[in-house]
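Student: Here it is, the structure in full.
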Amino acid sequence: MKVDLKDKVAVITGGGGILCSVMAKAMAKAGAKVAILDLNAEAAEKVAAEIVAEGGQAIGLSANVLELASLQAAEARITETLGHCDILVNGAGGNNPKGTTSKEYLTKEDLLAKAEGITTFFDLDPAGVGFVFNLNFLGTLLPTQVFCKHMAENNGGNVINISSMNAFCPLTKIPAYSGAKAAISNFTQWLAVHFSRVNIRVNAIAPGFFLTNQNRALLTNADGSLTPRGNTILTHTPMGKFGQPEDLVGALLFLLDDEAAGFINGVVLPIDGGFAAFSGV
């Protein structure tokens, strides 16, 4: 895709991760000056160095998407180094074991004779559930507050949020993550309406199943074979495979292109190999 982002400043949170690093590099190849933010400064700087080595412009910074002061400090550094933000990709997010049940279904046996190490719905840690909601929802809201104010005051811009297939149809065992991503989809629609008069478009992409550092051990064994959960996922993905990070690039660049997608606002685009379309039979 020949999308021209020349002279645009793009900020991506969670940019040191597998998926977001590929998106950062794609925006740089399209001409954007990219600021990679990540809680892990080394990971952010590594991605930025790889972009610079390929002839692009990028900086990597440590930032905590749950701390306003941290984001404000990053925004000041980015503005000084690259200019004001034109594109914000809210890529930071994730799950927490404390917001996850051990089993897909609750049985009376689990309640009457609770086995060691089994977490039922009634055992979920409120703090763990709260962490997941904060990381995904507040971790999207706060960067948007910090990086979109100048967009609103001037010539507008673009926001891309990262939802999930969990937002359309919640997966078993992960109620906190599913609920948090549903909130992202809803927030995307709300924000698209709210920002519409200041020329900021807000859309989201909803990845299906991609192997990342966070889920690899849940979906594959050490020898590369599928776990039972990984096998169930691929059985319900008509294309029969996990997504590759590069599969997100076309949707990202399309939504950022004001000529191609200038009248697209408030959508959540699935990139899932047909998972959402499959009924299971």
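Identifiers in this document derive from the order of the structure tokens: chains are assigned A, B, ..., residues are numbered from 1 separately in each chain, and ligands are numbered from 1 in order of occurrence.
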What's the 8 Å shell around range 270-280 of chain A, counting only C-alpha atoms, without same-chain residues fewer than 6 positions away, as number ranges by chain?
Tutor: A: 164-165, 168-169, 205-209, 236-243, 247-248
Student: How close does each residue of range 156-272 of chain A get to range 75-92 of chain A, giving the shortest atom pair and distance in Å to one decimal for every residue with an atom at most 9 Å away, counting only C-alpha atoms, sorted by chain and residue number, as JSON lines?
Tutor:
```
{"residue": "A:Gly156", "atom": "CA", "partner": "A:Asp86", "partner_atom": "CA", "distance": 7.3}
{"residue": "A:Gly157", "atom": "CA", "partner": "A:Asp86", "partner_atom": "CA", "distance": 4.9}
{"residue": "A:Asn158", "atom": "CA", "partner": "A:Ile87", "partner_atom": "CA", "distance": 4.8}
{"residue": "A:Val159", "atom": "CA", "partner": "A:Leu88", "partner_atom": "CA", "distance": 4.8}
{"residue": "A:Ile160", "atom": "CA", "partner": "A:Val89", "partner_atom": "CA", "distance": 4.7}
{"residue": "A:Asn161", "atom": "CA", "partner": "A:Asn90", "partner_atom": "CA", "distance": 4.9}
{"residue": "A:Ile162", "atom": "CA", "partner": "A:Gly91", "partner_atom": "CA", "distance": 5.8}
{"residue": "A:Leu256", "atom": "CA", "partner": "A:Ile87", "partner_atom": "CA", "distance": 7.9}
```
Student: Those residues with all heavy atoms, as a compact mmCIF listing (two decimals), in the first residue's frame please?
Tutor:
```
# COMPACT_ATOMS: atom_id res chain seq x y z
N GLY A 156 -6.32 18.66 13.51
CA GLY A 156 -6.89 17.32 13.58
C GLY A 156 -5.84 16.24 13.52
O GLY A 156 -4.63 16.49 13.62
N GLY A 157 -6.30 14.99 13.37
CA GLY A 157 -5.38 13.87 13.34
C GLY A 157 -6.10 12.55 13.34
O GLY A 157 -7.30 12.48 13.03
N ASN A 158 -5.38 11.51 13.71
CA ASN A 158 -5.91 10.16 13.68
C ASN A 158 -5.57 9.41 14.95
O ASN A 158 -4.44 9.50 15.45
CB ASN A 158 -5.31 9.38 12.50
CG ASN A 158 -6.17 9.47 11.26
OD1 ASN A 158 -7.28 8.95 11.24
ND2 ASN A 158 -5.67 10.12 10.22
N VAL A 159 -6.55 8.65 15.43
CA VAL A 159 -6.33 7.76 16.58
C VAL A 159 -6.72 6.35 16.16
O VAL A 159 -7.80 6.15 15.58
CB VAL A 159 -7.16 8.18 17.81
CG1 VAL A 159 -6.94 7.20 18.96
CG2 VAL A 159 -6.81 9.60 18.24
N ILE A 160 -5.85 5.40 16.44
CA ILE A 160 -6.15 3.98 16.22
C ILE A 160 -6.04 3.27 17.57
O ILE A 160 -4.99 3.26 18.20
CB ILE A 160 -5.16 3.33 15.23
CG1 ILE A 160 -5.18 4.05 13.88
CG2 ILE A 160 -5.51 1.84 15.06
CD1 ILE A 160 -6.48 3.92 13.11
N ASN A 161 -7.16 2.70 18.00
CA ASN A 161 -7.16 1.89 19.22
C ASN A 161 -7.03 0.42 18.86
O ASN A 161 -7.33 0.02 17.74
CB ASN A 161 -8.45 2.13 20.01
CG ASN A 161 -8.55 3.55 20.55
OD1 ASN A 161 -7.52 4.17 20.86
ND2 ASN A 161 -9.75 4.07 20.66
N ILE A 162 -6.62 -0.38 19.83
CA ILE A 162 -6.49 -1.82 19.61
C ILE A 162 -7.54 -2.55 20.45
O ILE A 162 -7.44 -2.62 21.68
CB ILE A 162 -5.08 -2.34 19.97
CG1 ILE A 162 -4.01 -1.50 19.26
CG2 ILE A 162 -4.97 -3.81 19.59
CD1 ILE A 162 -4.10 -1.52 17.74
N LEU A 256 -5.35 5.09 8.42
CA LEU A 256 -4.61 6.34 8.62
C LEU A 256 -4.60 7.22 7.39
O LEU A 256 -4.26 8.41 7.48
CB LEU A 256 -3.16 6.03 9.03
CG LEU A 256 -2.96 5.41 10.42
CD1 LEU A 256 -1.48 5.14 10.65
CD2 LEU A 256 -3.52 6.32 11.51
```
Student: Please provide the set of residues having any atom within 7 Å of range 128-143 of chain A, restricted to only C-alpha atoms, with same-chain residues fewer than 6 positions apart removed, written as a short mmCIF file (atom, residue, chain, number, x, y, z; two decimals) with C-alpha atoms, in the first residue's frame.
Tutor:
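around-v1.cif, freshly written:
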```cif
data_model
loop_
_atom_site.label_atom_id
_atom_site.label_comp_id
_atom_site.auth_asym_id
_atom_site.auth_seq_id
_atom_site.Cartn_x
_atom_site.Cartn_y
_atom_site.Cartn_z
CA VAL A 65 0.34 4.57 30.12
CA LEU A 66 -1.23 4.55 33.59
CA LEU A 68 -0.23 10.97 33.50
CA LEU A 71 2.97 10.47 29.48
CA ASN A 90 -2.95 3.05 21.51
CA ALA A 92 -0.50 -0.90 25.14
CA GLY A 93 -2.67 -3.54 26.80
CA GLY A 94 -2.73 -7.06 28.14
CA ASN A 95 -4.20 -9.57 30.57
CA ASN A 96 -3.41 -10.71 34.11
CA LYS A 98 -5.56 -12.85 38.54
CA GLY A 99 -8.43 -11.95 36.21
CA ALA A 176 -11.53 -9.25 32.66
CA TYR A 177 -9.67 -9.01 29.35
CA ALA A 180 -11.83 -4.47 28.97
CA LYS A 181 -11.54 -4.88 25.19
CA ALA A 183 -14.83 -1.16 26.63
CA ILE A 184 -12.18 -0.19 24.07
#
```
Student: Would you please give, as a ChimeraX atom specification, all residues of range 6-214 of chain A that DSSP assigns to strand (DSSP E) based on the backbone?
Tutor: /A:9-13,33-38,57-62,87-90,157-162,200-207
Student: Just to confirm, what's the straight-line distance from CA of Ala30 in chain A to CA of Gly262 in chain A in Å (one decimal)?
Tutor: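 Taking CA of Ala30 in chain A as the start and CA of Gly262 in chain A as the end point, the length is 17.3 Å.
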Student: Nearest to Asp125 in chain A: which of A:Pro175, A:Ala69, A:His194, A:Lys103 is it, counting only C-alpha atoms?
Tutor: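 Looking at the shortest contact to Asp125 in chain A, the residue is A:Pro175.
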Student: Which one of A:Asn199, A:Asn215, A:Ser185, A:Thr120 sits closest to Glu153 in chain A if you count only C-alpha atoms?
Tutor: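 Answer, going by the shortest atom-to-atom distance: A:Asn199.
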Student: For Asp110 in chain A, please output as JSON, numbers by chain all residues within 12 Å (counting only C-alpha atoms; exclusion window: fewer than 5 positions along the same chain).
Tutor: {"A": [101, 102, 103, 104, 105, 115, 116, 117, 118, 119, 120, 121, 122, 123]}
Student: Save the residues we just selected, N, CA and C atoms, as an mmCIF file, in the first residue's frame?
Tutor:
```cif
data_model
loop_
_atom_site.group_PDB
_atom_site.id
_atom_site.type_symbol
_atom_site.label_atom_id
_atom_site.label_comp_id
_atom_site.auth_asym_id
_atom_site.auth_seq_id
_atom_site.Cartn_x
_atom_site.Cartn_y
_atom_site.Cartn_z
ATOM 1 N N THR A 101 -10.008 -17.358 35.017
ATOM 2 C CA THR A 101 -10.437 -18.587 35.684
ATOM 3 C C THR A 101 -9.616 -19.772 35.169
ATOM 4 N N SER A 102 -9.545 -20.817 35.964
ATOM 5 C CA SER A 102 -8.776 -21.997 35.569
ATOM 6 C C SER A 102 -9.504 -22.843 34.545
ATOM 7 N N LYS A 103 -10.826 -22.875 34.644
ATOM 8 C CA LYS A 103 -11.614 -23.734 33.789
ATOM 9 C C LYS A 103 -12.599 -22.919 32.946
ATOM 10 N N GLU A 104 -13.040 -23.530 31.851
ATOM 11 C CA GLU A 104 -13.988 -22.863 30.976
ATOM 12 C C GLU A 104 -15.392 -22.818 31.577
ATOM 13 N N TYR A 105 -15.742 -23.862 32.337
ATOM 14 C CA TYR A 105 -17.088 -23.968 32.888
ATOM 15 C C TYR A 105 -17.015 -24.194 34.396
ATOM 16 N N ALA A 115 -10.297 -28.026 44.279
ATOM 17 C CA ALA A 115 -8.956 -28.573 44.091
ATOM 18 C C ALA A 115 -7.906 -27.487 44.263
ATOM 19 N N GLU A 116 -6.739 -27.896 44.676
ATOM 20 C CA GLU A 116 -5.625 -26.969 44.859
ATOM 21 C C GLU A 116 -5.255 -26.319 43.538
ATOM 22 N N GLY A 117 -5.105 -25.004 43.561
ATOM 23 C CA GLY A 117 -4.671 -24.296 42.365
ATOM 24 C C GLY A 117 -5.763 -23.979 41.371
ATOM 25 N N ILE A 118 -7.020 -24.291 41.672
ATOM 26 C CA ILE A 118 -8.125 -23.995 40.767
ATOM 27 C C ILE A 118 -8.737 -22.651 41.146
ATOM 28 N N THR A 119 -8.813 -21.761 40.178
ATOM 29 C CA THR A 119 -9.426 -20.450 40.385
ATOM 30 C C THR A 119 -10.791 -20.439 39.717
ATOM 31 N N THR A 120 -11.837 -20.350 40.516
ATOM 32 C CA THR A 120 -13.185 -20.252 39.955
ATOM 33 C C THR A 120 -13.549 -18.780 39.771
ATOM 34 N N PHE A 121 -14.705 -18.549 39.190
ATOM 35 C CA PHE A 121 -15.200 -17.174 39.046
ATOM 36 C C PHE A 121 -15.258 -16.474 40.397
ATOM 37 N N PHE A 122 -15.634 -17.222 41.432
ATOM 38 C CA PHE A 122 -15.809 -16.632 42.754
ATOM 39 C C PHE A 122 -14.486 -16.334 43.443
ATOM 40 N N ASP A 123 -13.389 -16.812 42.868
ATOM 41 C CA ASP A 123 -12.060 -16.569 43.432
ATOM 42 C C ASP A 123 -11.311 -15.445 42.721
#
```
Student: Counting only C-alpha atoms, what is within 10 Å of Leu5 in chain A, bar same-chain residues fewer than 5 positions away, as a list in words?
Tutor: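 Contacts, in chain order: Ala10, Met27, Ala28, Lys29, Ala30, Gly31, Ala32, Lys33, Asp86, Ile87, Leu253, Leu256, Asp257 and Asp258 of chain A.
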Student: For the residues in that selection, give me C-alpha atoms as a tab-separated table (two decimals), in the first residue's frame.
Tutor:
```tsv
chain	number	residue	atom	x	y	z
A	10	ALA	CA	3.15	9.06	14.97
A	27	MET	CA	4.34	3.87	9.68
A	28	ALA	CA	8.01	4.80	9.44
A	29	LYS	CA	8.27	3.22	5.98
A	30	ALA	CA	5.28	5.34	4.97
A	31	GLY	CA	7.26	8.44	5.93
A	32	ALA	CA	6.12	9.15	9.49
A	33	LYS	CA	8.43	10.22	12.27
A	86	ASP	CA	-0.55	13.74	14.38
A	87	ILE	CA	-1.20	10.00	14.78
A	253	LEU	CA	-2.27	2.22	6.93
A	256	LEU	CA	-4.61	6.34	8.62
A	257	ASP	CA	-4.91	7.42	4.99
A	258	ASP	CA	-7.14	10.51	4.93
```
